[in-house]
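The next block is structure.txt, given as compact mmCIF, C-alpha atoms.
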# COMPACT_ATOMS: atom_id res chain seq x y z
CA MET I 1023 -14.32 -16.24 36.58
CA ARG I 1024 -13.01 -13.05 38.18
CA LEU I 1025 -14.52 -9.71 37.21
CA SER I 1026 -11.14 -8.48 35.92
CA SER I 1027 -10.89 -11.49 33.57
CA ILE I 1028 -14.43 -10.93 32.34
CA LEU I 1029 -13.68 -7.27 31.63
CA THR I 1030 -10.44 -8.12 29.84
CA THR I 1031 -12.22 -10.65 27.62
CA ALA I 1032 -15.03 -8.21 26.91
CA VAL I 1033 -12.57 -5.50 25.88
CA ALA I 1034 -10.70 -7.91 23.60
CA VAL I 1035 -13.95 -9.05 21.94
CA PHE I 1036 -15.08 -5.45 21.52
CA ALA I 1037 -11.75 -4.45 19.99
CA PHE I 1038 -11.84 -7.38 17.56
CA GLY I 1039 -15.40 -6.57 16.61
CA THR I 1040 -14.58 -2.91 16.08
CA ALA I 1041 -11.59 -3.77 13.90
CA SER I 1042 -13.69 -6.23 11.90
CA ALA I 1043 -16.44 -3.65 11.48
CA GLN I 1044 -13.93 -1.10 10.23
CA GLY I 1045 -12.67 -3.61 7.68
CA ALA I 1046 -16.19 -4.51 6.60
CA LYS I 1047 -17.08 -0.85 5.97
CA MET I 1048 -13.91 -0.16 3.98
CA GLU I 1049 -14.70 0.53 0.32
CA SER I 1050 -11.90 0.40 -2.22
CA LEU I 1051 -11.34 3.49 -4.35
CA ALA I 1052 -13.36 3.21 -7.56
CA LEU I 1053 -11.63 2.90 -10.92
CA GLY I 1054 -11.48 6.28 -12.66
CA SER I 1055 -11.24 8.14 -9.35
CA PRO I 1056 -8.68 10.95 -8.89
CA VAL I 1057 -5.72 10.61 -6.52
CA PRO I 1058 -7.05 11.09 -2.95
CA MET I 1059 -5.38 13.57 -0.59
CA SER I 1060 -2.93 14.42 -3.38
CA THR I 1061 -1.59 17.64 -1.85
CA GLU I 1062 -1.31 16.54 1.81
CA GLN I 1063 2.27 16.20 3.08
CA PHE I 1064 3.62 12.96 4.54
CA ARG I 1065 6.99 12.28 6.15
CA SER I 1066 9.39 10.13 4.18
CA VAL I 1067 12.21 8.04 5.69
CA SER I 1068 14.57 10.58 4.09
CA GLY I 1069 13.23 13.15 6.54
CA GLN I 1070 11.56 15.12 3.75
CA MET I 1071 7.85 15.84 3.51
CA VAL I 1072 6.32 14.59 0.28
CA SER I 1073 2.88 14.67 -1.32
CA LEU I 1074 1.40 12.33 -3.91
CA ASP I 1075 1.26 15.27 -6.32
CA LYS I 1076 4.98 15.79 -5.83
CA VAL I 1077 5.75 12.09 -6.39
CA LYS I 1078 3.60 11.81 -9.54
CA ALA I 1079 5.71 11.81 -12.72
CA LYS I 1080 4.89 12.61 -16.35
CA SER I 1081 3.36 9.21 -17.13
CA GLY I 1082 1.52 8.62 -13.88
CA LEU I 1083 1.70 7.53 -10.24
CA LEU I 1084 1.99 4.15 -8.54
CA VAL I 1085 0.95 3.97 -4.88
CA MET I 1086 1.91 0.88 -2.90
CA PHE I 1087 0.67 0.12 0.61
CA SER I 1088 3.31 -1.90 2.44
CA CYS I 1089 5.09 -2.31 5.78
CA ASN I 1090 8.20 -3.83 7.38
CA THR I 1091 7.18 -7.25 8.68
CA CYS I 1092 4.30 -8.78 6.70
CA PRO I 1093 5.41 -12.18 5.32
CA TYR I 1094 3.75 -11.36 1.98
CA VAL I 1095 5.68 -8.10 1.76
CA ILE I 1096 8.93 -9.86 2.59
CA LYS I 1097 8.29 -12.57 -0.02
CA SER I 1098 7.51 -9.86 -2.58
CA GLN I 1099 10.56 -7.67 -1.99
CA GLU I 1100 12.34 -8.71 -5.18
CA ARG I 1101 9.15 -8.00 -7.14
CA THR I 1102 8.81 -4.65 -5.37
CA LYS I 1103 12.33 -3.71 -6.44
CA GLU I 1104 11.59 -4.86 -9.98
CA VAL I 1105 8.41 -2.78 -10.12
CA MET I 1106 10.22 0.20 -8.59
CA LYS I 1107 12.84 0.06 -11.35
CA TYR I 1108 10.23 -0.53 -14.06
CA ALA I 1109 8.09 2.40 -12.94
CA LYS I 1110 11.11 4.71 -13.00
CA GLU I 1111 12.06 3.55 -16.51
CA LYS I 1112 8.51 4.26 -17.68
CA ASN I 1113 8.45 7.71 -16.01
CA VAL I 1114 5.80 6.65 -13.49
CA GLY I 1115 6.30 8.10 -10.02
CA MET I 1116 6.12 5.63 -7.14
CA VAL I 1117 5.57 5.92 -3.41
CA ILE I 1118 5.47 3.21 -0.73
CA ILE I 1119 3.13 3.86 2.20
CA ASN I 1120 3.18 2.36 5.69
CA SER I 1121 -0.28 2.67 7.26
CA ASN I 1122 0.22 0.24 10.17
CA GLU I 1123 -0.67 2.80 12.83
CA ALA I 1124 -1.38 0.14 15.46
CA GLN I 1125 2.25 -1.04 15.24
CA ARG I 1126 3.87 2.39 15.14
CA ALA I 1127 5.47 1.87 18.55
CA ASN I 1128 7.36 -1.24 17.46
CA GLU I 1129 7.88 -3.06 14.13
CA ASP I 1130 6.48 -0.27 11.99
CA SER I 1131 8.00 2.67 13.82
CA TYR I 1132 9.57 5.48 11.81
CA LYS I 1133 13.01 4.36 12.99
CA SER I 1134 12.33 0.78 11.85
CA MET I 1135 11.06 2.09 8.51
CA ILE I 1136 14.32 3.98 7.95
CA ALA I 1137 16.35 0.84 8.61
CA TYR I 1138 14.10 -1.32 6.43
CA ALA I 1139 14.16 1.06 3.46
CA LYS I 1140 17.95 1.20 3.65
CA GLU I 1141 18.23 -2.57 3.90
CA GLN I 1142 15.98 -3.06 0.87
CA GLY I 1143 17.60 -0.30 -1.18
CA TYR I 1144 14.36 1.60 -1.73
CA THR I 1145 14.67 4.34 -4.34
CA ALA I 1146 11.03 5.42 -4.03
CA PRO I 1147 9.85 7.49 -1.04
CA TYR I 1148 8.74 5.32 1.91
CA VAL I 1149 6.30 7.38 3.96
CA VAL I 1150 4.44 7.22 7.26
CA ASP I 1151 0.66 7.34 6.97
CA GLU I 1152 -0.31 8.72 10.37
CA LYS I 1153 -3.69 7.53 11.63
CA SER I 1154 -3.97 5.47 8.40
CA LYS I 1155 -5.52 8.49 6.67
CA LEU I 1156 -4.28 7.56 3.21
CA ALA I 1157 -5.25 3.90 3.62
CA ASN I 1158 -8.74 5.01 4.61
CA ALA I 1159 -9.00 7.41 1.66
CA PHE I 1160 -7.91 4.67 -0.77
CA GLY I 1161 -9.91 1.93 0.94
CA ALA I 1162 -6.68 -0.08 1.15
CA THR I 1163 -6.90 -3.14 3.37
CA ARG I 1164 -3.80 -5.26 2.66
CA THR I 1165 -0.05 -5.21 2.33
CA PRO I 1166 1.13 -5.25 -0.34
CA GLU I 1167 -1.63 -3.52 -2.33
CA VAL I 1168 -1.13 -1.21 -5.32
CA PHE I 1169 -3.03 1.61 -7.03
CA LEU I 1170 -1.95 2.90 -10.46
CA PHE I 1171 -2.99 6.34 -11.75
CA ASP I 1172 -2.51 7.62 -15.29
CA GLU I 1173 -1.00 10.92 -16.41
CA ASN I 1174 -4.32 12.64 -15.71
CA GLY I 1175 -4.41 11.30 -12.16
CA LYS I 1176 -7.21 8.78 -12.81
CA LEU I 1177 -7.14 5.30 -11.24
CA VAL I 1178 -6.63 2.64 -13.94
CA TYR I 1179 -5.58 -0.42 -11.93
CA LYS I 1180 -5.79 -1.58 -8.31
CA GLY I 1181 -5.11 -4.72 -6.32
CA ALA I 1182 -2.30 -7.27 -6.37
CA MET I 1183 1.09 -6.92 -8.03
CA GLU I 1184 0.92 -10.42 -9.48
CA ASP I 1185 -1.14 -13.59 -9.70
CA ASN I 1186 0.78 -15.67 -7.14
CA PRO I 1187 1.67 -13.44 -4.16
CA THR I 1188 2.13 -16.49 -1.94
CA ASP I 1189 4.94 -17.67 -4.22
CA PRO I 1190 6.08 -14.73 -6.37
CA GLY I 1191 8.76 -16.77 -8.13
CA ASN I 1192 6.02 -18.81 -9.76
CA SER I 1193 3.82 -15.91 -10.85
CA LYS I 1194 2.71 -16.10 -14.47
CA ASN I 1195 1.09 -12.67 -14.67
CA LYS I 1196 2.72 -9.55 -13.26
CA TYR I 1197 -0.49 -7.54 -13.15
CA ILE I 1198 1.02 -4.20 -12.21
CA MET I 1199 3.69 -4.23 -14.93
CA THR I 1200 1.12 -5.23 -17.55
CA ALA I 1201 -1.13 -2.44 -16.25
CA ILE I 1202 1.69 0.10 -16.66
CA ASP I 1203 2.33 -1.10 -20.24
CA ASN I 1204 -1.37 -0.93 -21.10
CA MET I 1205 -1.72 2.50 -19.54
CA LEU I 1206 1.15 3.89 -21.59
CA ALA I 1207 -0.28 2.30 -24.74
CA GLY I 1208 -3.73 3.75 -24.06
CA ILE I 1209 -5.23 0.30 -23.58
CA PRO I 1210 -7.60 -0.43 -20.66
CA SER I 1211 -6.15 -2.90 -18.17
CA ASP I 1212 -7.70 -6.36 -18.17
CA PRO I 1213 -8.12 -7.11 -15.37
CA ALA I 1214 -8.31 -3.56 -14.07
CA SER I 1215 -8.98 -4.77 -10.54
CA THR I 1216 -7.68 -7.84 -8.70
CA LYS I 1217 -7.99 -9.09 -5.15
CA SER I 1218 -5.05 -8.05 -3.00
CA ILE I 1219 -3.75 -10.92 -0.89
CA GLY I 1220 -1.54 -10.20 2.10
CA CYS I 1221 -1.55 -9.02 5.69
CA SER I 1222 -4.30 -6.73 6.93
CA ILE I 1223 -3.36 -3.09 7.46
CA LYS I 1224 -3.12 -2.62 11.23
CA ARG I 1225 -5.27 0.43 11.91
CA ALA I 1226 -5.39 1.88 15.41
CA LEU I 1227 -8.70 1.50 17.24
Rewrite the coordinates I just gave you, this time as structure tokens.
Amino acid sequence: MRLSSILTTAVAVFAFGTASAQGAKMESLALGSPVPMSTEQFRSVSGQMVSLDKVKAKSGLLVMFSCNTCPYVIKSQERTKEVMKYAKEKNVGMVIINSNEAQRANEDSYKSMIAYAKEQGYTAPYVVDEKSKLANAFGATRTPEVFLFDENGKLVYKGAMEDNPTDPGNSKNKYIMTAIDNMLAGIPSDPASTKSIGCSIKRAL
């Protein structure tokens, strides 16, 4: 085997190992935690700079990690729109975050995000998470993945939107909508944490 081939293989293995190690070290934000990086500004597809504090509404804040191309995100778009509408009706602010820094030059570029948000009719801010800083602060690892904070900015639910993300039309439990209802009623969510199933967030090495 040529030296160049050996080096290329070694680099690929190292990169995979580094990415895996980053994922292994990632710890999800603990329930009861305050909103991370709440005052830092992030660029929305509208061209405006927004912060999580600014997005938060009277009843709370819903943070969704998403992207443009993940098959799970695409399958969940109708649910995303439903949740977006529901959150607004319940006076819960919502923001959608794209943390796929490793794909920023192509599918998850800012330009592609603008087109995707328009195509999907997003009414919530869709923002660029440069260097995956927000994803790292939240310990988010998948798309889609949601984090719900109450009126006091404390995390009350995290994980999947529903119980069948591979086939949303057959979901029996819409976790995030139940969590919003429970939060507003002052009832602890059960479950308060579920496993998010989807594509891995593509962090840059």
* List every protein, DNA or RNA residue that has at least one atom no more than 6 Å from (1.6, -4.4, -5.6) in the file's coordinates, counting only C-alpha atoms, and write the result as a PyMOL selection string. => chain I and resi 1086+1166-1168+1182-1183
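Each of I:Lys1217, I:Lys1140, I:Arg1126, I:Lys1194 was compared to Arg1164 in chain I using all atoms listed in the file, and I:Lys1217 turns out to be the nearest.
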* **Nearest residue to Ser1215 in chain I from the set I:Ile1118, I:Val1178, I:Leu1227, I:Met1059 (distances using all atoms listed in the file)** =>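 Ranked by minimum distance to Ser1215 in chain I, first place goes to I:Val1178.
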* Extract, using all atoms listed in the file, all DNA, RNA and protein residues at most 9 Å from range 1064-1081 of chain I, discarding same-chain residues fewer than 4 positions from it, and format them as number ranges by chain. => I: 1057-1060, 1085, 1110, 1112-1117, 1132-1133, 1135-1137, 1139, 1146-1152, 1171-1175, 1205-1206
Could you save those same residues with C-alpha atoms as a JSON list (two decimals), in the coordinates of the input?
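Writing done, so here's part.json:
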[["chain", "number", "residue", "atom", "x", "y", "z"],
["I", 1057, "VAL", "CA", -5.72, 10.61, -6.52],
["I", 1058, "PRO", "CA", -7.05, 11.09, -2.95],
["I", 1059, "MET", "CA", -5.38, 13.57, -0.59],
["I", 1060, "SER", "CA", -2.93, 14.42, -3.38],
["I", 1085, "VAL", "CA", 0.95, 3.97, -4.88],
["I", 1110, "LYS", "CA", 11.11, 4.71, -13.00],
["I", 1112, "LYS", "CA", 8.51, 4.26, -17.68],
["I", 1113, "ASN", "CA", 8.45, 7.71, -16.01],
["I", 1114, "VAL", "CA", 5.80, 6.65, -13.49],
["I", 1115, "GLY", "CA", 6.30, 8.10, -10.02],
["I", 1116, "MET", "CA", 6.12, 5.63, -7.14],
["I", 1117, "VAL", "CA", 5.57, 5.92, -3.41],
["I", 1132, "TYR", "CA", 9.57, 5.48, 11.81],
["I", 1133, "LYS", "CA", 13.01, 4.36, 12.99],
["I", 1135, "MET", "CA", 11.06, 2.09, 8.51],
["I", 1136, "ILE", "CA", 14.32, 3.98, 7.95],
["I", 1137, "ALA", "CA", 16.35, 0.84, 8.61],
["I", 1139, "ALA", "CA", 14.16, 1.06, 3.46],
["I", 1146, "ALA", "CA", 11.03, 5.42, -4.03],
["I", 1147, "PRO", "CA", 9.85, 7.49, -1.04],
["I", 1148, "TYR", "CA", 8.74, 5.32, 1.91],
["I", 1149, "VAL", "CA", 6.30, 7.38, 3.96],
["I", 1150, "VAL", "CA", 4.44, 7.22, 7.26],
["I", 1151, "ASP", "CA", 0.66, 7.34, 6.97],
["I", 1152, "GLU", "CA", -0.31, 8.72, 10.37],
["I", 1171, "PHE", "CA", -2.99, 6.34, -11.75],
["I", 1172, "ASP", "CA", -2.51, 7.62, -15.29],
["I", 1173, "GLU", "CA", -1.00, 10.92, -16.41],
["I", 1174, "ASN", "CA", -4.32, 12.64, -15.71],
["I", 1175, "GLY", "CA", -4.41, 11.30, -12.16],
["I", 1205, "MET", "CA", -1.72, 2.50, -19.54],
["I", 1206, "LEU", "CA", 1.15, 3.89, -21.59]]
* Asked: In Å, with one decimal, what is the gap from CA of Glu1100 in chain I to CA of Phe1087 in chain I?
  ->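 Spanning CA of Glu1100 in chain I to CA of Phe1087 in chain I is a straight-line distance of 15.7 Å.
We find CA of Glu1062 in chain I and CA of Ile1223 in chain I to be spaced 20.5 Å apart.
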* Give me, please, the distance in Å between CA of Pro1187 in chain I and CA of Leu1084 in chain I, quoted to one decimal. => 18.1 Å
* Asked: Can you list, as a ChimeraX atom specification, every protein, DNA or RNA residue that comes within 9 Å of Asp1212 in chain I when you count all atoms listed in the file, leaving out same-chain residues fewer than 3 positions away?
  -> /I:1179,1197,1200-1201,1204,1209,1215
* **Pick from I:Ala1207, I:Pro1190, I:Pro1093, I:Gln1142, whichever lies nearest to Gly1220 in chain I using all atoms listed in the file** =>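 The shortest atom-to-atom distance to Gly1220 in chain I comes from I:Pro1093.
Closest approach to Asn1128 in chain I among I:Asn1158, I:Asp1203, I:Cys1089, I:Thr1188 is made by I:Cys1089 (distances from only C-alpha atoms).
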* Structure fact -> Using all atoms listed in the file, the residue out of I:Ala1157, I:Leu1170, I:Ala1109, I:Leu1083 with shortest distance to Glu1123 in chain I is I:Ala1157
Listed atoms of range 1065-1079 of chain I boxed along x, y and z, 5 Å each side, centre and edge lengths in Å, one decimal, as JSON:
{"center_x": 7.9, "center_y": 11.9, "center_z": -3.1, "size_x": 23.3, "size_y": 17.8, "size_z": 29.3}
* **Pick from I:Asn1195, I:Ser1055, I:Ser1218, I:Ser1088, whichever lies nearest to Gly1181 in chain I using all atoms listed in the file** =>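 Checking each of I:Asn1195, I:Ser1055, I:Ser1218, I:Ser1088 against Gly1181 in chain I, counting all atoms listed in the file, the winner is I:Ser1218.
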